[in-house]
>>> print(open('final28.txt').read())   # compact mmCIF, C-alpha atoms
# COMPACT_ATOMS: atom_id res chain seq x y z
CA MET A 1 -48.78 32.81 27.76
CA ILE A 2 -48.11 29.70 25.75
CA GLU A 3 -48.04 30.19 22.02
CA SER A 4 -49.63 27.69 19.70
CA PHE A 5 -48.26 26.16 16.56
CA GLY A 6 -49.45 28.40 13.75
CA TRP A 7 -48.35 29.96 10.49
CA PRO A 8 -45.29 31.94 11.75
CA GLU A 9 -43.98 28.83 13.49
CA PHE A 10 -44.45 26.83 10.32
CA MET A 11 -42.56 29.44 8.30
CA PHE A 12 -39.72 29.18 10.82
CA LEU A 13 -39.58 25.45 10.08
CA VAL A 14 -39.49 26.14 6.35
CA ARG A 15 -36.58 28.58 6.75
CA ALA A 16 -34.69 26.04 8.88
CA THR A 17 -35.28 23.49 6.10
CA GLY A 18 -33.19 25.79 3.92
CA TRP A 19 -30.26 25.35 6.32
CA THR A 20 -30.74 21.59 6.31
CA LEU A 21 -30.46 21.64 2.52
CA VAL A 22 -27.44 23.97 2.54
CA LEU A 23 -25.70 21.65 4.97
CA THR A 24 -26.60 18.62 2.86
CA VAL A 25 -25.11 20.20 -0.27
CA ILE A 26 -21.86 21.30 1.42
CA ALA A 27 -21.38 17.95 3.18
CA PHE A 28 -22.10 16.08 -0.04
CA ALA A 29 -19.67 18.18 -2.08
CA PHE A 30 -16.88 17.90 0.50
CA GLY A 31 -17.57 14.22 1.19
CA GLY A 32 -17.76 13.49 -2.52
CA ILE A 33 -14.30 14.87 -3.22
CA VAL A 34 -12.69 13.07 -0.26
CA GLY A 35 -14.72 9.92 -0.87
CA GLY A 36 -13.72 9.82 -4.54
CA ALA A 37 -10.08 10.03 -3.54
CA PHE A 38 -10.50 7.18 -1.05
CA ALA A 39 -12.35 5.05 -3.62
CA ILE A 40 -9.40 5.38 -6.02
CA MET A 41 -6.92 4.74 -3.19
CA ARG A 42 -8.84 1.61 -2.23
CA LEU A 43 -8.24 0.30 -5.78
CA SER A 44 -4.71 1.56 -6.12
CA GLN A 45 -1.77 -0.71 -6.96
CA SER A 46 0.07 0.34 -3.81
CA SER A 47 -0.87 -1.88 -0.88
CA LEU A 48 -0.07 0.91 1.58
CA LEU A 49 -2.61 3.27 0.00
CA ARG A 50 -5.15 0.44 -0.16
CA ARG A 51 -4.67 -0.31 3.52
CA ILE A 52 -4.90 3.33 4.64
CA ALA A 53 -8.15 3.73 2.72
CA SER A 54 -9.73 0.56 4.04
CA VAL A 55 -8.84 1.37 7.66
CA TYR A 56 -10.29 4.88 7.26
CA ILE A 57 -13.51 3.52 5.77
CA LEU A 58 -13.84 0.76 8.37
CA VAL A 59 -13.30 3.15 11.29
CA ILE A 60 -15.67 5.87 10.09
CA GLN A 61 -18.36 3.33 9.22
CA SER A 62 -18.06 1.69 12.66
CA VAL A 63 -18.41 4.89 14.68
CA PRO A 64 -21.58 6.95 15.24
CA VAL A 65 -21.82 10.17 13.20
CA LEU A 66 -22.50 11.90 16.50
CA MET A 67 -18.99 11.01 17.73
CA VAL A 68 -17.40 12.28 14.50
CA LEU A 69 -19.35 15.50 15.03
CA PHE A 70 -18.18 15.98 18.62
CA LEU A 71 -14.59 15.07 17.83
CA SER A 72 -14.32 17.54 14.97
CA TYR A 73 -16.12 20.23 16.96
CA TYR A 74 -13.94 19.94 20.07
CA GLY A 75 -10.84 18.89 18.16
CA LEU A 76 -10.88 21.97 15.95
CA SER A 77 -11.50 24.32 18.85
CA LEU A 78 -8.60 22.76 20.77
CA ALA A 79 -6.39 23.27 17.76
CA GLY A 80 -7.11 26.97 18.20
CA PHE A 81 -9.75 27.45 15.50
CA ASP A 82 -12.78 29.40 16.62
CA ILE A 83 -15.22 27.68 14.32
CA PRO A 84 -18.81 28.52 13.51
CA PRO A 85 -21.24 25.58 13.88
CA LEU A 86 -21.84 25.44 10.11
CA ILE A 87 -18.18 24.60 9.49
CA ALA A 88 -17.98 21.95 12.23
CA ALA A 89 -21.22 20.41 11.02
CA SER A 90 -20.19 20.37 7.35
CA LEU A 91 -16.76 19.00 8.14
CA SER A 92 -17.99 16.11 10.28
CA LEU A 93 -20.88 15.20 7.99
CA GLY A 94 -18.43 15.41 5.09
CA ILE A 95 -16.15 12.89 6.80
CA TYR A 96 -19.12 10.59 7.35
CA VAL A 97 -20.24 11.00 3.71
CA SER A 98 -16.73 10.35 2.38
CA ALA A 99 -16.52 6.89 3.98
CA TYR A 100 -19.87 5.73 2.60
CA LEU A 101 -19.44 7.27 -0.87
CA ALA A 102 -15.95 5.75 -1.09
CA GLU A 103 -17.46 2.29 -0.61
CA ILE A 104 -20.36 2.92 -2.99
CA TRP A 105 -18.05 4.25 -5.69
CA ARG A 106 -15.45 1.54 -5.18
CA GLY A 107 -18.21 -1.00 -5.74
CA SER A 108 -19.27 0.85 -8.89
CA ILE A 109 -15.74 0.94 -10.27
CA GLU A 110 -15.27 -2.76 -9.49
CA ALA A 111 -18.54 -3.53 -11.27
CA VAL A 112 -17.00 -2.41 -14.56
CA PRO A 113 -15.94 -5.67 -16.26
CA PHE A 114 -12.28 -6.51 -15.82
CA GLN A 115 -11.79 -6.85 -19.57
CA GLN A 116 -12.28 -3.09 -19.90
CA TRP A 117 -9.06 -2.61 -17.91
CA GLU A 118 -7.24 -5.16 -20.06
CA ALA A 119 -8.48 -3.67 -23.30
CA SER A 120 -7.51 -0.15 -22.33
CA SER A 121 -4.09 -1.22 -21.10
CA SER A 122 -3.51 -3.04 -24.38
CA LEU A 123 -4.02 0.36 -26.02
CA ALA A 124 -1.05 1.58 -23.96
CA MET A 125 -3.16 3.90 -21.85
CA THR A 126 -1.75 5.09 -18.54
CA ARG A 127 -3.69 4.37 -15.34
CA GLY A 128 -5.01 7.95 -15.36
CA GLN A 129 -6.18 7.66 -18.96
CA GLN A 130 -7.81 4.31 -18.25
CA TYR A 131 -9.82 5.86 -15.43
CA ARG A 132 -10.67 8.98 -17.39
CA TYR A 133 -11.67 7.55 -20.77
CA VAL A 134 -12.76 3.98 -20.07
CA ILE A 135 -13.57 3.09 -16.48
CA LEU A 136 -15.09 6.16 -14.85
CA PRO A 137 -17.66 6.91 -17.57
CA GLN A 138 -19.02 3.39 -17.14
CA ALA A 139 -18.73 3.39 -13.35
CA LEU A 140 -20.60 6.70 -13.20
CA ARG A 141 -23.71 5.16 -14.68
CA ILE A 142 -23.64 2.30 -12.18
CA SER A 143 -23.04 4.62 -9.25
CA VAL A 144 -25.90 7.07 -9.81
CA PRO A 145 -28.79 5.10 -8.19
CA PRO A 146 -26.95 4.18 -4.95
CA THR A 147 -25.52 7.69 -4.70
CA VAL A 148 -28.98 9.24 -4.91
CA GLY A 149 -30.14 6.65 -2.36
CA PHE A 150 -27.35 7.70 -0.03
CA LEU A 151 -28.45 11.34 -0.29
CA VAL A 152 -31.57 10.28 1.61
CA GLN A 153 -29.40 8.98 4.44
CA LEU A 154 -27.46 12.23 4.46
CA VAL A 155 -30.55 14.46 4.63
CA LYS A 156 -31.83 12.42 7.57
CA ASN A 157 -28.49 12.39 9.37
CA THR A 158 -28.11 16.17 9.18
CA SER A 159 -30.77 16.19 11.92
CA ILE A 160 -28.16 15.51 14.60
CA VAL A 161 -26.13 18.68 14.03
CA SER A 162 -28.33 20.63 16.42
CA VAL A 163 -26.01 19.48 19.25
CA VAL A 164 -23.33 21.92 18.14
CA GLY A 165 -25.78 24.80 18.05
CA PHE A 166 -26.76 24.67 14.39
CA VAL A 167 -30.41 25.55 13.77
CA ASP A 168 -31.53 23.05 11.17
CA LEU A 169 -35.01 21.62 10.67
CA ALA A 170 -34.86 19.21 13.64
CA ARG A 171 -33.49 21.92 15.96
CA ALA A 172 -36.17 24.39 14.82
CA GLY A 173 -38.74 21.75 15.75
CA GLN A 174 -37.27 21.43 19.23
CA LEU A 175 -37.30 25.22 19.73
CA ILE A 176 -40.93 25.51 18.66
CA ASN A 177 -41.92 22.52 20.79
CA ASN A 178 -40.35 24.18 23.82
CA ALA A 179 -42.50 27.26 23.21
CA THR A 180 -45.78 25.60 22.26
CA PHE A 181 -45.86 22.18 23.99
CA GLN A 182 -47.65 20.72 20.98
CA PRO A 183 -45.27 17.86 20.18
CA PHE A 184 -47.52 16.03 17.73
CA GLN A 185 -48.21 19.05 15.55
CA VAL A 186 -44.63 20.32 15.68
CA PHE A 187 -42.69 17.08 15.18
CA GLY A 188 -45.40 15.77 12.88
CA SER A 189 -44.79 18.80 10.62
CA VAL A 190 -41.04 18.30 10.89
CA ALA A 191 -41.43 14.65 9.90
CA VAL A 192 -43.65 15.61 6.96
CA ILE A 193 -41.07 18.11 5.67
CA TYR A 194 -38.27 15.54 5.90
CA PHE A 195 -40.51 13.01 4.19
CA LEU A 196 -41.27 15.42 1.34
CA ILE A 197 -37.54 15.79 0.72
CA CYS A 198 -36.54 12.15 1.18
CA PHE A 199 -39.38 10.21 -0.39
CA PRO A 200 -38.94 11.65 -3.92
CA LEU A 201 -35.22 10.97 -3.68
CA SER A 202 -35.86 7.34 -2.62
CA ARG A 203 -38.25 6.91 -5.52
CA LEU A 204 -35.81 8.51 -7.94
CA SER A 205 -33.09 6.13 -6.77
CA LYS A 206 -35.34 3.10 -7.33
CA HIS A 207 -36.44 4.42 -10.71
CA LEU A 208 -32.86 5.06 -11.86
CA GLU A 209 -31.95 1.53 -10.80
CA LYS A 210 -34.58 0.17 -13.15
CA VAL A 211 -33.79 2.56 -16.01
CA LEU A 212 -30.04 2.01 -15.86
CA HIS A 213 -30.40 -1.78 -15.44
CA VAL A 214 -28.03 -1.89 -12.51
CA GLY A 215 -27.79 -4.86 -10.18
CA ARG A 216 -29.19 -7.37 -12.65
CA THR A 217 -26.20 -8.59 -14.55
CA ASN A 218 -28.04 -11.37 -16.34
CA MET B 1 -0.21 26.51 22.33
CA GLN B 2 0.45 22.83 22.82
CA TYR B 3 -2.53 20.83 24.06
CA GLN B 4 -1.86 18.35 26.85
CA PHE B 5 -4.01 15.27 26.69
CA GLN B 6 -5.27 14.19 30.11
CA PHE B 7 -7.20 10.97 30.10
CA ASN B 8 -6.94 10.30 33.86
CA SER B 9 -10.03 12.20 34.94
CA VAL B 10 -12.07 10.55 32.16
CA LEU B 11 -10.80 7.07 32.91
CA ALA B 12 -11.54 7.60 36.61
CA GLU B 13 -15.20 7.40 35.60
CA SER B 14 -14.82 3.91 34.15
CA GLY B 15 -17.60 2.47 36.34
CA PHE B 16 -20.03 5.04 34.98
CA ILE B 17 -18.82 4.44 31.42
CA LEU B 18 -19.42 0.71 31.91
CA GLN B 19 -23.03 1.43 32.90
CA GLY B 20 -23.40 3.41 29.68
CA ILE B 21 -21.95 0.55 27.63
CA LEU B 22 -24.34 -1.93 29.24
CA LEU B 23 -27.33 0.28 28.46
CA THR B 24 -26.15 0.67 24.85
CA ILE B 25 -25.88 -3.13 24.57
CA TYR B 26 -29.29 -3.60 26.21
CA LEU B 27 -30.95 -1.11 23.83
CA SER B 28 -29.23 -2.51 20.74
CA VAL B 29 -29.82 -6.18 21.48
CA GLY B 30 -33.40 -5.43 22.56
CA ALA B 31 -34.10 -3.48 19.36
CA ILE B 32 -32.46 -6.17 17.20
CA VAL B 33 -34.52 -8.99 18.75
CA LEU B 34 -37.85 -7.13 18.90
CA GLY B 35 -37.31 -5.37 15.57
CA SER B 36 -36.53 -8.66 13.80
CA ILE B 37 -39.64 -10.34 15.22
CA LEU B 38 -41.76 -7.39 14.05
CA ALA B 39 -40.09 -7.41 10.63
CA ILE B 40 -40.87 -11.13 10.16
CA LEU B 41 -44.49 -10.54 11.20
CA PHE B 42 -44.74 -7.58 8.79
CA SER B 43 -43.23 -9.67 5.99
CA ALA B 44 -45.75 -12.44 6.71
CA ALA B 45 -48.58 -9.91 6.62
CA ARG B 46 -47.30 -8.60 3.29
CA SER B 47 -47.09 -12.01 1.63
CA ASN B 48 -50.01 -13.86 3.23
CA GLY B 49 -52.36 -11.26 4.65
CA PRO B 50 -55.14 -9.44 2.83
CA ARG B 51 -54.25 -6.64 0.41
CA TRP B 52 -54.93 -3.79 2.83
CA MET B 53 -52.44 -5.27 5.32
CA GLY B 54 -49.72 -5.23 2.68
CA ILE B 55 -50.50 -1.59 1.93
CA VAL B 56 -50.38 -0.67 5.63
CA VAL B 57 -46.98 -2.36 5.98
CA ASP B 58 -45.65 -0.60 2.86
CA VAL B 59 -46.81 2.80 4.11
CA TYR B 60 -45.23 2.13 7.50
CA VAL B 61 -41.93 1.12 5.91
CA GLU B 62 -41.81 4.16 3.61
CA LEU B 63 -42.76 6.60 6.40
CA LEU B 64 -40.04 5.35 8.74
CA ARG B 65 -37.36 5.01 6.09
CA ASN B 66 -37.82 8.56 4.86
CA THR B 67 -37.78 10.45 8.16
CA PRO B 68 -34.84 10.87 10.56
CA PHE B 69 -34.55 8.56 13.55
CA LEU B 70 -34.16 11.65 15.74
CA VAL B 71 -37.59 12.96 14.74
CA GLN B 72 -39.18 9.54 15.33
CA LEU B 73 -37.57 9.51 18.77
CA PHE B 74 -38.96 12.99 19.53
CA ILE B 75 -42.48 12.07 18.40
CA ILE B 76 -42.46 9.03 20.69
CA PHE B 77 -40.78 10.70 23.65
CA PHE B 78 -42.60 14.06 23.58
CA GLY B 79 -45.74 13.03 21.73
CA LEU B 80 -46.91 9.91 23.58
CA PRO B 81 -47.10 11.64 27.00
CA ALA B 82 -49.36 14.25 25.37
CA MET B 83 -51.66 11.33 24.54
CA GLY B 84 -51.50 10.13 28.13
CA VAL B 85 -48.97 7.31 27.62
CA ARG B 86 -46.13 7.65 30.12
CA LEU B 87 -42.78 6.27 29.02
CA THR B 88 -39.36 6.64 30.60
CA ALA B 89 -36.63 7.93 28.30
CA THR B 90 -35.12 4.45 28.08
CA GLN B 91 -38.46 2.83 27.18
CA ALA B 92 -39.07 5.51 24.54
CA ALA B 93 -35.60 4.89 23.11
CA LEU B 94 -36.16 1.12 22.93
CA LEU B 95 -39.55 1.61 21.29
CA ALA B 96 -38.18 4.09 18.72
CA MET B 97 -35.21 1.86 17.88
CA THR B 98 -37.43 -1.22 17.54
CA LEU B 99 -39.92 0.50 15.23
CA ASN B 100 -37.12 2.04 13.14
CA LEU B 101 -35.19 -1.21 12.78
CA ALA B 102 -38.37 -3.14 11.95
CA ALA B 103 -39.00 -0.87 8.96
CA TYR B 104 -35.48 -1.24 7.54
CA SER B 105 -35.42 -5.01 8.18
CA THR B 106 -38.80 -5.51 6.52
CA GLU B 107 -37.44 -3.79 3.41
CA ILE B 108 -34.27 -5.92 3.42
CA ILE B 109 -36.21 -9.16 3.96
CA ARG B 110 -38.46 -8.16 1.04
CA ALA B 111 -35.43 -8.42 -1.25
CA GLY B 112 -34.76 -11.91 0.12
CA ILE B 113 -38.37 -13.00 -0.37
CA ASP B 114 -38.37 -11.65 -3.93
CA SER B 115 -35.35 -13.81 -4.68
CA ILE B 116 -37.09 -17.08 -3.70
CA HIS B 117 -37.87 -18.85 -6.94
CA ARG B 118 -41.52 -19.58 -7.79
CA SER B 119 -40.72 -23.25 -8.31
CA GLN B 120 -39.87 -23.53 -4.60
CA ILE B 121 -43.36 -22.34 -3.70
CA GLU B 122 -44.92 -24.64 -6.30
CA ALA B 123 -42.97 -27.53 -4.81
CA GLY B 124 -44.39 -26.65 -1.41
CA LEU B 125 -47.92 -26.52 -2.86
CA SER B 126 -47.48 -29.91 -4.48
CA LEU B 127 -46.58 -31.31 -1.05
CA ALA B 128 -49.98 -30.03 0.14
CA MET B 129 -48.42 -27.50 2.48
CA THR B 130 -50.64 -24.68 3.69
CA LYS B 131 -49.81 -21.06 2.80
CA ARG B 132 -48.53 -20.57 6.32
CA GLN B 133 -46.32 -23.65 6.22
CA ILE B 134 -44.87 -22.55 2.90
CA PHE B 135 -44.06 -19.10 4.28
CA GLN B 136 -42.53 -20.61 7.42
CA HIS B 137 -40.46 -23.39 5.86
CA VAL B 138 -39.93 -22.50 2.21
CA ILE B 139 -39.85 -18.72 2.07
CA ILE B 140 -38.79 -16.89 5.21
CA VAL B 141 -35.77 -18.91 6.39
CA PRO B 142 -33.97 -19.07 3.01
CA ALA B 143 -34.92 -15.41 2.43
CA ILE B 144 -33.31 -14.29 5.68
CA ALA B 145 -30.32 -16.52 5.03
CA LYS B 146 -29.78 -14.83 1.68
CA VAL B 147 -29.92 -11.28 3.03
CA TRP B 148 -28.11 -12.01 6.31
CA PRO B 149 -25.09 -9.79 5.47
CA ALA B 150 -27.33 -6.80 4.73
CA LEU B 151 -29.38 -7.49 7.82
CA SER B 152 -26.20 -7.66 9.91
CA SER B 153 -24.95 -4.32 8.69
CA GLN B 154 -28.37 -2.82 9.41
CA PHE B 155 -28.09 -4.13 12.99
CA VAL B 156 -24.65 -2.56 13.35
CA LEU B 157 -26.02 0.75 12.04
CA MET B 158 -28.74 0.54 14.70
CA LEU B 159 -26.09 0.13 17.39
CA LEU B 160 -24.42 3.30 16.09
CA ALA B 161 -27.75 5.13 15.85
CA SER B 162 -28.47 4.31 19.50
CA SER B 163 -26.07 7.17 20.31
CA ILE B 164 -28.80 9.57 19.16
CA CYS B 165 -30.90 8.50 22.18
CA SER B 166 -28.67 10.77 24.27
CA PHE B 167 -30.75 13.63 22.80
CA ILE B 168 -33.59 12.63 25.14
CA SER B 169 -31.05 12.15 27.97
CA VAL B 170 -30.93 8.37 27.93
CA GLN B 171 -27.76 7.42 29.78
CA GLU B 172 -26.31 5.06 27.23
CA LEU B 173 -22.69 5.37 26.12
CA SER B 174 -22.96 8.77 24.45
CA GLY B 175 -25.31 10.10 27.15
CA VAL B 176 -22.86 9.06 29.84
CA THR B 177 -20.03 10.64 27.85
CA ALA B 178 -21.87 13.98 27.75
CA ILE B 179 -22.20 13.90 31.55
CA ILE B 180 -18.55 12.97 32.04
CA GLU B 181 -17.56 15.78 29.70
CA GLN B 182 -19.41 18.29 31.90
CA ARG B 183 -17.88 16.87 35.08
CA THR B 184 -14.29 16.74 33.90
CA PHE B 185 -14.12 19.56 31.30
CA ARG B 186 -12.13 17.13 29.14
CA SER B 187 -14.35 17.22 26.05
CA PHE B 188 -11.96 15.89 23.46
CA GLU B 189 -10.64 13.08 25.66
CA SER B 190 -14.16 12.02 26.69
CA TYR B 191 -15.27 11.66 23.11
CA ILE B 192 -12.09 9.91 22.02
CA VAL B 193 -12.71 7.26 24.68
CA ALA B 194 -16.38 6.93 23.68
CA THR B 195 -15.49 6.70 19.98
CA LEU B 196 -12.99 3.90 20.62
CA LEU B 197 -15.57 2.04 22.71
CA TYR B 198 -18.17 2.35 19.93
CA LEU B 199 -15.59 1.05 17.48
CA VAL B 200 -14.99 -2.01 19.67
CA LEU B 201 -18.73 -2.58 20.18
CA ALA B 202 -19.51 -2.24 16.47
CA LEU B 203 -16.71 -4.54 15.33
CA THR B 204 -17.62 -7.12 17.98
CA LEU B 205 -21.25 -7.07 16.89
CA LYS B 206 -20.22 -7.35 13.24
CA VAL B 207 -18.03 -10.41 13.89
CA GLY B 208 -20.62 -11.90 16.24
CA LEU B 209 -23.41 -11.60 13.68
CA LEU B 210 -21.19 -13.15 11.01
CA GLY B 211 -20.57 -16.14 13.29
CA LEU B 212 -24.24 -16.34 14.24
CA GLY B 213 -25.15 -16.39 10.55
CA ARG B 214 -22.82 -19.32 9.93
CA LEU B 215 -24.32 -21.11 12.94
CA ILE B 216 -27.99 -20.63 12.04
CA PHE B 217 -27.70 -20.96 8.28
CA PRO B 218 -24.91 -23.51 7.78
CA ARG B 219 -26.12 -24.67 4.38
CA VAL B 220 -26.43 -21.25 2.87
CA SER B 221 -22.77 -20.71 2.06
CA GLY B 222 -23.50 -22.42 -1.27
CA LEU B 223 -26.58 -20.28 -1.95
CA SER B 224 -26.17 -17.08 -3.88
CA ARG B 225 -26.38 -14.04 -1.68
CA VAL B 226 -28.76 -11.28 -2.59
CA GLN B 227 -27.04 -7.93 -2.93
CA VAL B 228 -28.70 -5.39 -0.67
CA LYS B 229 -27.02 -2.63 1.28
CA GLY B 230 -27.86 -1.60 4.81
CA GLU B 231 -28.88 2.01 5.17
CA ALA B 232 -27.94 4.43 7.91
CA ALA B 233 -30.89 5.36 10.09
>>> encode(input="final28.txt", output="structure tokens")
Amino acid sequence: MIESFGWPEFMFLVRATGWTLVLTVIAFAFGGIVGGAFAIMRLSQSSLLRRIASVYILVIQSVPVLMVLFLSYYGLSLAGFDIPPLIAASLSLGIYVSAYLAEIWRGSIEAVPFQQWEASSSLAMTRGQQYRYVILPQALRISVPPTVGFLVQLVKNTSIVSVVGFVDLARAGQLINNATFQPFQVFGSVAVIYFLICFPLSRLSKHLEKVLHVGRTN
Amino acid sequence: MQYQFQFNSVLAESGFILQGILLTIYLSVGAIVLGSILAILFSAARSNGPRWMGIVVDVYVELLRNTPFLVQLFIIFFGLPAMGVRLTATQAALLAMTLNLAAYSTEIIRAGIDSIHRSQIEAGLSLAMTKRQIFQHVIIVPAIAKVWPALSSQFVLMLLASSICSFISVQELSGVTAIIEQRTFRSFESYIVATLLYLVLALTLKVGLLGLGRLIFPRVSGLSRVQVKGEAA
């Protein structure tokens, strides 16, 4: 007997949404740390560090997330780690996030007027102090809207992790569709849930852009 | 244990890989051309059409930009047959990519259109141009010229997103790679080869679009670019 898409199936989708959000948070945290490091490297005074960072960013941004996912999944298992899908998924999404956040944050740091660097160096601050007390607090403000905007991309891109056996929202939809054969109801509901997460974030990003007066320098 | 890389069995499938590359190029170029045409039509409807048309376009753009490409692909591939429309996996993939890209491009072109100064439109009016002529000659071309870099990166992101079509077993580059992986049991090597090929394809497209932009919009180098970022599908 074929089941139909009803309340229990919907609750299954809602639970899987939880995993989508967990994955988003882990990938964002991991990617944020790595991405922040690459953003600073990209602006470092050493040309070697700058070059390493720009090659990393260029490569990751020119390769599908799906390939990063497969490479980390198979690569880690070849290296002898027996890894649960959550780890492979977080790691690969984190790598993807790091490349994009590095570029967003580099742009934000560069948007801080150059005179701020000069002024702080005339106060005999070290590079670390300049970042900590002068540049980063200003860059942070500039970076908030695009970072929130990027979160939307991340939530949507978590949908591909089902290939390594992770049951997120998109995968839950596939499982239910296989049991019910009601693609419109099932994937329609999946789309609505994604939309309810992403749309407020998109709006928030646009709103913050207006409130923080970013992007309009004159 | 030391892992021995063996690329021979993967590279022996180069003919099959080439087929996958060609399908990836076909899907990407097809989606870029069709998606851009749609985006220009949508932009025209937003600026010149009646109010309800603008609202329909806005709703379309927001719906597609805030749901994953994978889910859109599933709705088209699994949903349309339930409505009696038969599509092959490749046709469904092309349709999904076109609709997705059209939404993102419409949003990018909007930024370009917003940046066209009112005085330009007034100048067009004073030359007795019709609304349509103004849109065609005064608004849309300079608008696209201004946002060309953002549009280009959106096109590159679409090329990368085409890999997701392997989920509905389209045999483009990543679909072909999945089959080769099962045949050869060389998972890591298969995906290294595919990743390098995607890298080459993406960089080629990026450079190509840059050149194309210089060719089509030669006078724009002096114009100020509008800052918009492409967004991953």
>>> residues_around(input="final28.txt", residues="Gly35 (chain B)", least_positions_apart="5", cutoff="9 Å", atoms="only C-alpha atoms", output="ChimeraX atom specification")
/B:30,40,97-103,105
>>> residues_around(input="final28.txt", residues="Phe70 (chain A)", least_positions_apart="6", cutoff="12 Å", atoms="all atoms listed in the file", output="number ranges by chain")
A: 63-64, 76-78, 85, 88-89, 91-93, 160-165; B: 163, 174, 177-178, 181, 187-195
>>> residues_around(input="final28.txt", residues="region 210-219 of chain B", least_positions_apart="2", cutoff="12 Å", atoms="only C-alpha atoms", output="mmCIF file with C-alpha atoms, keeping the file's coordinate frame")
data_model
loop_
_atom_site.group_PDB
_atom_site.id
_atom_site.type_symbol
_atom_site.label_atom_id
_atom_site.label_comp_id
_atom_site.auth_asym_id
_atom_site.auth_seq_id
_atom_site.Cartn_x
_atom_site.Cartn_y
_atom_site.Cartn_z
ATOM 1 C CA VAL B 141 -35.770 -18.910 6.390
ATOM 2 C CA PRO B 142 -33.970 -19.070 3.010
ATOM 3 C CA ALA B 143 -34.920 -15.410 2.430
ATOM 4 C CA ILE B 144 -33.310 -14.290 5.680
ATOM 5 C CA ALA B 145 -30.320 -16.520 5.030
ATOM 6 C CA LYS B 146 -29.780 -14.830 1.680
ATOM 7 C CA VAL B 147 -29.920 -11.280 3.030
ATOM 8 C CA TRP B 148 -28.110 -12.010 6.310
ATOM 9 C CA PRO B 149 -25.090 -9.790 5.470
ATOM 10 C CA ALA B 150 -27.330 -6.800 4.730
ATOM 11 C CA LEU B 151 -29.380 -7.490 7.820
ATOM 12 C CA SER B 152 -26.200 -7.660 9.910
ATOM 13 C CA SER B 153 -24.950 -4.320 8.690
ATOM 14 C CA PHE B 155 -28.090 -4.130 12.990
ATOM 15 C CA VAL B 156 -24.650 -2.560 13.350
ATOM 16 C CA LEU B 203 -16.710 -4.540 15.330
ATOM 17 C CA THR B 204 -17.620 -7.120 17.980
ATOM 18 C CA LEU B 205 -21.250 -7.070 16.890
ATOM 19 C CA LYS B 206 -20.220 -7.350 13.240
ATOM 20 C CA VAL B 207 -18.030 -10.410 13.890
ATOM 21 C CA GLY B 208 -20.620 -11.900 16.240
ATOM 22 C CA SER B 221 -22.770 -20.710 2.060
ATOM 23 C CA GLY B 222 -23.500 -22.420 -1.270
ATOM 24 C CA LEU B 223 -26.580 -20.280 -1.950
ATOM 25 C CA SER B 224 -26.170 -17.080 -3.880
#
>>> closest_residue(input="final28.txt", among="A:Arg141, A:Arg51, A:Arg42, A:Arg203", to="chain B", atoms="all atoms listed in the file")
A:Arg203
>>> closest_residue(input="final28.txt", among="A:Ser62, A:Asn177, A:Thr158, A:Gln138", to="chain B", atoms="all atoms listed in the file")
A:Ser62
>>> atom_distance(input="final28.txt", atom1="CA of Ala16 (chain A)", atom2="CA of Asp168 (chain A)")
4.9 Å
>>> residues_near_point(input="final28.txt", point="(-15.1, 12.8, -0.6)", cutoff="8 Å", atoms="only C-alpha atoms", output="PyMOL selection string")
chain A and resi 28-38+94-95+97-99+101-102
>>> write_last_selection(input="final28.txt", atoms="C-alpha atoms", output="short mmCIF file (atom, residue, chain, number, x, y, z; two decimals), in the frame of the given file")
data_model
loop_
_atom_site.label_atom_id
_atom_site.label_comp_id
_atom_site.auth_asym_id
_atom_site.auth_seq_id
_atom_site.Cartn_x
_atom_site.Cartn_y
_atom_site.Cartn_z
CA PHE A 28 -22.10 16.08 -0.04
CA ALA A 29 -19.67 18.18 -2.08
CA PHE A 30 -16.88 17.90 0.50
CA GLY A 31 -17.57 14.22 1.19
CA GLY A 32 -17.76 13.49 -2.52
CA ILE A 33 -14.30 14.87 -3.22
CA VAL A 34 -12.69 13.07 -0.26
CA GLY A 35 -14.72 9.92 -0.87
CA GLY A 36 -13.72 9.82 -4.54
CA ALA A 37 -10.08 10.03 -3.54
CA PHE A 38 -10.50 7.18 -1.05
CA GLY A 94 -18.43 15.41 5.09
CA ILE A 95 -16.15 12.89 6.80
CA VAL A 97 -20.24 11.00 3.71
CA SER A 98 -16.73 10.35 2.38
CA ALA A 99 -16.52 6.89 3.98
CA LEU A 101 -19.44 7.27 -0.87
CA ALA A 102 -15.95 5.75 -1.09
#
>>> residues_around(input="final28.txt", residues="Gln19 (chain B)", least_positions_apart="2", cutoff="12 Å", atoms="only C-alpha atoms", output="compact mmCIF listing (two decimals) with C-alpha atoms, in the coordinates of the input")
# COMPACT_ATOMS: atom_id res chain seq x y z
CA GLU B 13 -15.20 7.40 35.60
CA SER B 14 -14.82 3.91 34.15
CA GLY B 15 -17.60 2.47 36.34
CA PHE B 16 -20.03 5.04 34.98
CA ILE B 17 -18.82 4.44 31.42
CA ILE B 21 -21.95 0.55 27.63
CA LEU B 22 -24.34 -1.93 29.24
CA LEU B 23 -27.33 0.28 28.46
CA THR B 24 -26.15 0.67 24.85
CA ILE B 25 -25.88 -3.13 24.57
CA TYR B 26 -29.29 -3.60 26.21
CA VAL B 170 -30.93 8.37 27.93
CA GLN B 171 -27.76 7.42 29.78
CA GLU B 172 -26.31 5.06 27.23
CA LEU B 173 -22.69 5.37 26.12
CA SER B 174 -22.96 8.77 24.45
CA GLY B 175 -25.31 10.10 27.15
CA VAL B 176 -22.86 9.06 29.84
CA THR B 177 -20.03 10.64 27.85
>>> residues_around(input="final28.txt", residues="region 106-121 of chain A", least_positions_apart="5", cutoff="8 Å", atoms="all atoms listed in the file", output="list of chain:residue names")
A:Ala39, A:Ile40, A:Arg42, A:Leu43, A:Thr126, A:Gln130, A:Val134, A:Ile135, A:Leu136, A:Gln138, A:Ala139, A:Leu140, A:Ile142, A:Ser143
